[in-house]
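Undergrad: A single structure is presented below for examination.
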Number of protein chains: 2
Amino acid sequence: MTSVVALDTRSAPSTSRASATIHIALLGCGNVGSAFAALVRDGSQNPLRITHALVRDCLRPRPTLHPAAERVVTGAALFTTPPDVLVELLGGIEPARTLVLEALHRGIPVVTANKSLLAAHGAELRAAATRSSTPLLYEAAVVAGVPFLSTFARRPHAAEVTSLAGIANGTSNYILTRARDARCGIDKPLADAQRLGYAEPDPSSDIDGIDAAQKLVVLLQHFAHANIRTDAVETTGIRAIDCADIDHAAELGGTLKPVIFADWTGNLQAFSGPAFVPLRHQLATVDGAENAIILNGRRGRLVFRGPGAGPEVTAATVLDDVLEAMTTPRPVAFPRLERVEPTTPETGWFVTLAGSRLPGGADIADLLSSYGIYLQRTSASGRERFAAMTWPASRARVETALRAIEAAAGATVQHGAARHSCVAKHFRALEV
Amino acid sequence: MTSVVALDTRSAPSTSRASATIHIALLGCGNVGSAFAALVRDGSQNPLRITHALVRDCLRPRPTLHPAAERVVTGAALFTTPPDVLVELLGGIEPARTLVLEALHRGIPVVTANKSLLAAHGAELRAAATRSSTPLLYEAAVVAGVPFLSTFARRPHAAEVTSLAGIANGTSNYILTRARDARCGIDKPLADAQRLGYAEPDPSSDIDGIDAAQKLVVLLQHFAHANIRTDAVETTGIRAIDCADIDHAAELGGTLKPVIFADWTGNLQAFSGPAFVPLRHQLATVDGAENAIILNGRRGRLVFRGPGAGPEVTAATVLDDVLEAMTTPRPVAFPRLERVEPTTPETGWFVTLAGSRLPGGADIADLLSSYGIYLQRTSASGRERFAAMTWPASRARVETALRAIEAAAGATVQHGAARHSCVAKHFRALEV
């Protein structure tokens, strides 16, 4: 259902261009694509021109594109007069994957901001780029406003990194920040985020942690040379968080943040989900739609922080990638990725209980300890709320213990259906 | 007094090398130079070899250099068999400047970590590099452990920055952090820093703000394309800070940090010196020897944070620069720098008074207001200490007002010599 709009009929073939004009094929003319086209149109110093655009609706007026458009209807038409660079801003897997692979196969440099595509097919795309020694740049795929991925690709000593932690989904972070500051649940901040355009009409990918998990997978391709399936990463979302959870986190000296984490010092461990972040941790102050990535290696801890999304920001990063793609030294050789099955780390857990008849704090601690879960500190609020920070434990162990608590707090049976009067939640905790 | 140690007599001339080995001339074999040589020696994957080393004492054993060294005694000998890249780690101006210019003139890429040289002669070096289209890289000159300068040189849209703030001197930051945490003055932390090797035996450049000012000048060459004399930047050091100043800063909700700041939205304004940083500011948590640079542009605020120095960290960054220099696309063209005379900004001021008979807080506020200095909030501690945060004002205005306070608090005349019984200090304040 997509169409190629050929915007410029060039007389000179691509091999004998007199001018240094860079001809761009633009796939996708949504918010980011339109912002990109506007930036190309308004840039005075850059000899750039969008010559083809793949759009969903070729009849819709597109003021940022060249007005004299010749319309064609298949992706294959993109390559009849090969562009100098393919900019892929479609999102999703197809037709993006096929067109990007075709471009790489033909030796046409590709710039993409598509983390879904990279997370699902990064190994294939990198292999294709290596085979034809063609640049493939994706700076805008993670923390779109802060350039650091290409940098590390060129700097092997800086890239000797063995763990990372970060906040990579601005929507979830905006929602949790607003919920904390307004002392409310996530419903109103989510509605606000949708109204402001931070969140999609269907916000699942953002608030269920999938977008962040995809970015984590891209980062692990980049830094750990690991090929990981996104659905193999422990991924939780922010839907279950309520106001009391956020208050309890504050009482225990922290804040709930949508975190990605990975450590490949030994076996690769990773997760994506809301986590308790101590206030002294560098991620604790990353608020609103801001993103940050912390990279740890033996030479220290590096932090890259800034805007994570937004059409203007993403478009500028994509355009810088286009300029980089034109001057990337050949041969291009991506390191081979190794297929890795991630494990889940043992971390401390931030645990909250809510119920109509909770056991006392000492009884809860005693019961948890019988399952091997030990509490560092607690924040009890009467008989109906309880929160605590545990010492490090596996996910399986903490979940077994909490199911036991829920049962002990009294599952009542009504008309044959079990109804828990106790709800236990658990969130991973970061250490400073 | 320096010597070239020719470490390898190559048979093949530089124009017809069969192997891809990169031949490095290393200027300076101090802490960083030795760490760099060790990294080159131990690196398995990189076809790198140090073929010449310029050292101060050619008889001293240098275990990290090639043992079969042929010694020569002038810098000119460096170029008899031209290296592929010149790594300048001498520090200071000469002979570094002459040798770097010679290398650039000959088209030999240069990597340097020398902020003094860049601050003093950056315009000349950049012009020389542009003339011969030769890479000149200096990632390790500012926040040595965090790669960002080369990144922005390649990314014109990301580099649309109009102001910056940062902590660029790890020694001063370590000293002020320790003084704050131990609730003491700076003497003991300074001695500790010297013992630990963070501070030079003569620490003036670090603690008088000069090192940070040089880094600011390098950043302004890079981001503002401005050619500024370091001595034209308002530069203050941390020597005058005492324990009470630090305590007062905490009372007023902030901390004293060695800050660099510049804004070139209009006329270029800049300073380097200890400043009051509100606790909510991103620089407030940059502690110890850590560094950070915040870049502000219309697309948001970007933060780069991490280790600022250390031989290992700096050597790794220099080595990454060497690898980048070998693949930097030509032509190399640095933007022309414009000679700019920086002005000093109007900022809030953190003011402390200590004396044996201070006026009351209301009288101080009244006197200051008669000089156009208005207080935002105060923190009085009896008759002998007073601290306050002012609304924005020029340096001249706040200094005139404080001289008046000192006079009013009663300069006593003893045996014909004026002795102030009141000492007023003023530090710039950052806004969140």
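We label chains A, B, ... in the order they appear in the structure tokens, count residues from 1 in each chain, and number ligands from 1 in the order shown.
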Pick out the residues sitting within 9 Å of A:Ala292, and hand them over as a PDB file with C-alpha atoms, in the first residue's frame; count only C-alpha atoms, and ignore anything fewer than 5 positions along from it in its own chain.
TA:
```pdb
ATOM      1  CA  VAL A 143      18.457   8.088  22.381  1.00  0.00           C
ATOM      2  CA  VAL A 146      22.462  12.188  21.493  1.00  0.00           C
ATOM      3  CA  ALA A 165      22.001   0.768  32.190  1.00  0.00           C
ATOM      4  CA  GLY A 166      19.705   3.395  30.849  1.00  0.00           C
ATOM      5  CA  ILE A 167      16.380   5.012  30.264  1.00  0.00           C
ATOM      6  CA  ALA A 168      15.549   4.595  26.599  1.00  0.00           C
ATOM      7  CA  LEU A 283      19.365   7.747  36.297  1.00  0.00           C
ATOM      8  CA  VAL A 286      16.615  11.700  34.227  1.00  0.00           C
ATOM      9  CA  VAL A 303      27.011   8.773  30.518  1.00  0.00           C
ATOM     10  CA  PHE A 304      25.200  10.034  27.427  1.00  0.00           C
ATOM     11  CA  ARG A 305      22.053  11.939  28.219  1.00  0.00           C
ATOM     12  CA  GLY A 306      19.588  14.058  26.315  1.00  0.00           C
ATOM     13  CA  PRO A 307      16.425  14.112  24.239  1.00  0.00           C
ATOM     14  CA  GLY A 308      15.328  10.642  23.214  1.00  0.00           C
TER      15      GLY A 308
ATOM     16  CA  VAL B 303      25.132  15.703  28.512  1.00  0.00           C
TER      17      VAL B 303
END
```
Undergrad: Sort by chain and increasing residue number a table of all residues of chain A within 9 Å of chain B, each with its closest pair of atoms and their distance in Å to one decimal, counting only C-alpha atoms, and write it as a tab-separated table.
TA:
```
residue	atom	partner	partner_atom	distance
A:Gly145	CA	B:Leu302	CA	7.8
A:Val146	CA	B:Leu302	CA	6.4
A:Pro147	CA	B:Thr151	CA	7.1
A:Phe148	CA	B:Phe148	CA	7.5
A:Ser150	CA	B:Thr151	CA	8.1
A:Thr151	CA	B:Thr151	CA	6.0
A:Phe152	CA	B:Pro147	CA	8.1
A:Arg154	CA	B:Glu324	CA	6.8
A:Arg155	CA	B:Asp320	CA	5.0
A:Pro156	CA	B:Asp320	CA	6.6
A:His157	CA	B:Ala316	CA	5.7
A:Ala158	CA	B:Thr317	CA	6.7
A:Arg280	CA	B:Thr285	CA	8.3
A:Gln282	CA	B:Thr285	CA	8.0
A:Thr285	CA	B:Gln282	CA	8.0
A:Ala292	CA	B:Val303	CA	8.8
A:Arg299	CA	B:Val313	CA	5.9
A:Gly300	CA	B:Pro307	CA	6.2
A:Arg301	CA	B:Gly306	CA	5.6
A:Leu302	CA	B:Gly306	CA	4.5
A:Val303	CA	B:Arg305	CA	4.9
A:Phe304	CA	B:Phe304	CA	5.1
A:Arg305	CA	B:Val303	CA	4.9
A:Gly306	CA	B:Leu302	CA	4.5
A:Pro307	CA	B:Gly300	CA	6.2
A:Glu312	CA	B:Arg299	CA	7.3
A:Val313	CA	B:Arg299	CA	5.9
A:Ala316	CA	B:His157	CA	5.8
A:Thr317	CA	B:Ala158	CA	6.7
A:Leu319	CA	B:His157	CA	7.6
A:Asp320	CA	B:Arg155	CA	5.0
A:Asp321	CA	B:Arg155	CA	7.6
A:Leu323	CA	B:Arg155	CA	7.5
A:Glu324	CA	B:Arg154	CA	6.8
A:Thr327	CA	B:Pro329	CA	5.9
A:Thr328	CA	B:Pro329	CA	7.2
A:Pro329	CA	B:Thr327	CA	5.9
A:Arg330	CA	B:Thr327	CA	8.6
```
Undergrad: Would you save the residues of that selection, restricted to N, CA and C atoms, as a tab-separated table (two decimals), in the first residue's frame?
TA:
```tsv
chain	number	residue	atom	x	y	z
A	145	GLY	N	18.47	11.91	20.16
A	145	GLY	CA	19.08	13.22	20.13
A	145	GLY	C	20.53	13.27	20.53
A	146	VAL	N	21.09	12.17	20.98
A	146	VAL	CA	22.46	12.19	21.49
A	146	VAL	C	23.34	11.27	20.66
A	147	PRO	N	24.28	11.83	19.89
A	147	PRO	CA	25.13	10.97	19.06
A	147	PRO	C	26.16	10.23	19.91
A	148	PHE	N	26.13	8.91	19.84
A	148	PHE	CA	27.16	8.13	20.53
A	148	PHE	C	27.38	6.77	19.87
A	150	SER	N	27.56	5.74	16.55
A	150	SER	CA	28.56	5.76	15.49
A	150	SER	C	29.95	6.01	16.08
A	151	THR	N	29.99	6.86	17.09
A	151	THR	CA	31.25	7.18	17.74
A	151	THR	C	31.94	5.91	18.21
A	152	PHE	N	31.21	5.08	18.94
A	152	PHE	CA	31.81	3.88	19.50
A	152	PHE	C	32.13	2.84	18.43
A	154	ARG	N	33.50	3.45	15.78
A	154	ARG	CA	34.81	3.83	15.24
A	154	ARG	C	35.91	3.76	16.26
A	155	ARG	N	35.58	3.59	17.55
A	155	ARG	CA	36.57	3.74	18.62
A	155	ARG	C	36.60	2.46	19.46
A	156	PRO	N	37.39	1.48	19.04
A	156	PRO	CA	37.34	0.17	19.69
A	156	PRO	C	37.76	0.19	21.16
A	157	HIS	N	38.65	1.10	21.55
A	157	HIS	CA	39.07	1.10	22.95
A	157	HIS	C	38.01	1.71	23.85
A	158	ALA	N	37.38	2.77	23.39
A	158	ALA	CA	36.27	3.33	24.16
A	158	ALA	C	35.13	2.32	24.27
A	280	ARG	N	20.41	8.58	44.60
A	280	ARG	CA	21.79	8.98	44.29
A	280	ARG	C	22.27	8.42	42.95
A	282	GLN	N	22.62	7.97	38.97
A	282	GLN	CA	22.58	8.98	37.92
A	282	GLN	C	21.29	8.95	37.12
A	285	THR	N	17.66	11.25	38.23
A	285	THR	CA	17.29	12.61	37.86
A	285	THR	C	16.97	12.76	36.37
A	292	ALA	N	18.79	8.51	28.82
A	292	ALA	CA	20.21	8.45	29.18
A	292	ALA	C	20.69	7.02	29.04
A	299	ARG	N	37.60	1.22	32.16
A	299	ARG	CA	38.17	2.56	32.25
A	299	ARG	C	37.17	3.57	32.80
A	300	GLY	N	36.06	3.10	33.33
A	300	GLY	CA	35.16	4.04	33.97
A	300	GLY	C	33.74	3.95	33.46
A	301	ARG	N	32.96	4.91	33.90
A	301	ARG	CA	31.53	4.96	33.61
A	301	ARG	C	31.26	6.18	32.75
A	302	LEU	N	30.65	5.95	31.60
A	302	LEU	CA	30.36	7.04	30.67
A	302	LEU	C	28.86	7.23	30.57
A	303	VAL	N	28.44	8.48	30.57
A	303	VAL	CA	27.01	8.77	30.52
A	303	VAL	C	26.71	9.65	29.31
A	304	PHE	N	25.69	9.26	28.57
A	304	PHE	CA	25.20	10.03	27.43
A	304	PHE	C	23.73	10.31	27.67
A	305	ARG	N	23.38	11.56	27.75
A	305	ARG	CA	22.05	11.94	28.22
A	305	ARG	C	21.49	13.07	27.37
A	306	GLY	N	20.20	12.98	27.08
A	306	GLY	CA	19.59	14.06	26.31
A	306	GLY	C	18.25	13.64	25.75
A	307	PRO	N	17.75	14.42	24.78
A	307	PRO	CA	16.43	14.11	24.24
A	307	PRO	C	16.42	12.76	23.52
A	312	GLU	N	11.74	16.59	15.22
A	312	GLU	CA	12.83	17.51	14.87
A	312	GLU	C	14.18	16.93	15.25
A	313	VAL	N	14.24	16.43	16.48
A	313	VAL	CA	15.49	15.87	17.00
A	313	VAL	C	15.91	14.65	16.18
A	316	ALA	N	17.12	15.58	12.62
A	316	ALA	CA	18.47	16.17	12.58
A	316	ALA	C	19.52	15.07	12.72
A	317	THR	N	19.26	14.09	13.57
A	317	THR	CA	20.21	12.99	13.74
A	317	THR	C	20.29	12.15	12.48
A	319	LEU	N	19.74	13.19	9.48
A	319	LEU	CA	20.44	13.97	8.46
A	319	LEU	C	21.96	13.95	8.71
A	320	ASP	N	22.36	14.04	9.97
A	320	ASP	CA	23.80	13.91	10.27
A	320	ASP	C	24.30	12.53	9.85
A	321	ASP	N	23.49	11.51	10.05
A	321	ASP	CA	23.87	10.16	9.60
A	321	ASP	C	24.05	10.11	8.08
A	323	LEU	N	25.02	12.53	6.18
A	323	LEU	CA	26.31	13.16	5.87
A	323	LEU	C	27.46	12.22	6.24
A	324	GLU	N	27.32	11.54	7.38
A	324	GLU	CA	28.36	10.57	7.78
A	324	GLU	C	28.44	9.41	6.79
A	327	THR	N	30.65	9.85	3.90
A	327	THR	CA	32.10	9.93	4.09
A	327	THR	C	32.63	8.78	4.94
A	328	THR	N	31.80	7.77	5.19
A	328	THR	CA	32.26	6.63	5.98
A	328	THR	C	33.36	5.89	5.21
A	329	PRO	N	34.51	5.70	5.86
A	329	PRO	CA	35.59	4.99	5.17
A	329	PRO	C	35.21	3.55	4.87
A	330	ARG	N	35.59	3.07	3.70
A	330	ARG	CA	35.42	1.67	3.33
A	330	ARG	C	36.74	0.96	3.55
```
Undergrad: Using only C-alpha atoms, which residues sit within 7 Å of A:Phe276 once same-chain residues fewer than 5 positions away are excluded, as a PyMOL selection string?
TA: chain A and resi 249+254-257+350+427-430
Undergrad: Quick check for you: according to DSSP on this backbone, which residues of stretch 91-179 of chain B are classed as strand (DSSP E)? Reply as an MDAnalysis selection string.
TA: chainID B and resid 110:112 136:137 161:167
Undergrad: So that I can see what lies close to A:Arg357, please list as a list of chain:residue names the residues with an atom at most 9 Å from it, counting only C-alpha atoms and leaving out residues fewer than 5 positions away in the same chain.
TA: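 Once the nearby chain positions are removed, what remains is A:Arg383, A:Glu384, A:Ala409, A:Gly410, A:Ser421, A:Cys422.
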Undergrad: Write out as a list of chain:residue names each polymer residue whose atoms come within 9 Å of B:Glu102, counting only C-alpha atoms; drop sequence neighbours fewer than 5 positions from it.
TA: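 Everything that qualifies: B:Ala76, B:Phe79, B:Arg97, B:Gly107, B:Ile108.
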Undergrad: Emit the selected residues as a tab-separated table (two decimals), in the first residue's frame, including N, CA, C and O atoms.
TA:
```tsv
chain	number	residue	atom	x	y	z
B	76	ALA	N	63.82	17.22	14.31
B	76	ALA	CA	63.78	17.11	12.85
B	76	ALA	C	63.97	15.66	12.40
B	76	ALA	O	63.45	15.25	11.36
B	79	PHE	N	61.22	13.26	11.07
B	79	PHE	CA	60.61	13.27	9.75
B	79	PHE	C	61.51	12.70	8.66
B	79	PHE	O	61.16	12.74	7.49
B	97	ARG	N	54.43	22.67	19.51
B	97	ARG	CA	53.83	23.45	18.42
B	97	ARG	C	54.61	23.28	17.12
B	97	ARG	O	54.03	22.99	16.06
B	107	GLY	N	51.58	16.76	5.81
B	107	GLY	CA	50.43	15.90	5.58
B	107	GLY	C	50.38	14.69	6.48
B	107	GLY	O	49.70	13.70	6.19
B	108	ILE	N	51.11	14.73	7.60
B	108	ILE	CA	51.10	13.61	8.55
B	108	ILE	C	50.02	13.88	9.59
B	108	ILE	O	50.08	14.90	10.29
```
Undergrad: Could you pull the residues within 8 Å of B:Arg49, counting only C-alpha atoms, minus those fewer than 5 positions along the same chain, as a ChimeraX atom specification?
TA: /B:21-24,40-41
Undergrad: Give me the residues near B:Leu176 as a PyMOL selection string, where near means some atom within 9 Å (using only C-alpha atoms) and where sequence neighbours in that chain fewer than 4 positions away do not count.
TA: chain B and resi 171-172+180-181+185-186+189+238+241+246+256-258+287-288
Undergrad: List every residue of stretch 40-211 of chain B that DSSP, applied to the backbone, labels as helix (DSSP H, G or I), and write the result as a PyMOL selection string.
TA: chain B and resi 40-42+75-79+96-105+115-131+139-141+149-154+170-182+187-195+204-207+210-211
Undergrad: With distances taken over only C-alpha atoms, which residue among B:Leu402, B:Val55, B:Val351, B:Val259 lies nearest B:Ser379?
TA: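 Among the listed residues, the smallest separation from B:Ser379 belongs to B:Val351.
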Undergrad: Measuring atom to atom with only C-alpha atoms, identify which of A:Ser204, A:Asn173, A:Thr400, A:Thr81 is nearest to A:Leu367.
TA: A:Thr400
Undergrad: Here is a test: counting only C-alpha atoms, which residue of B:Ala37, B:Ile175, B:Ala120, B:Cys184 is nearest to B:Cys243?
TA: B:Cys184
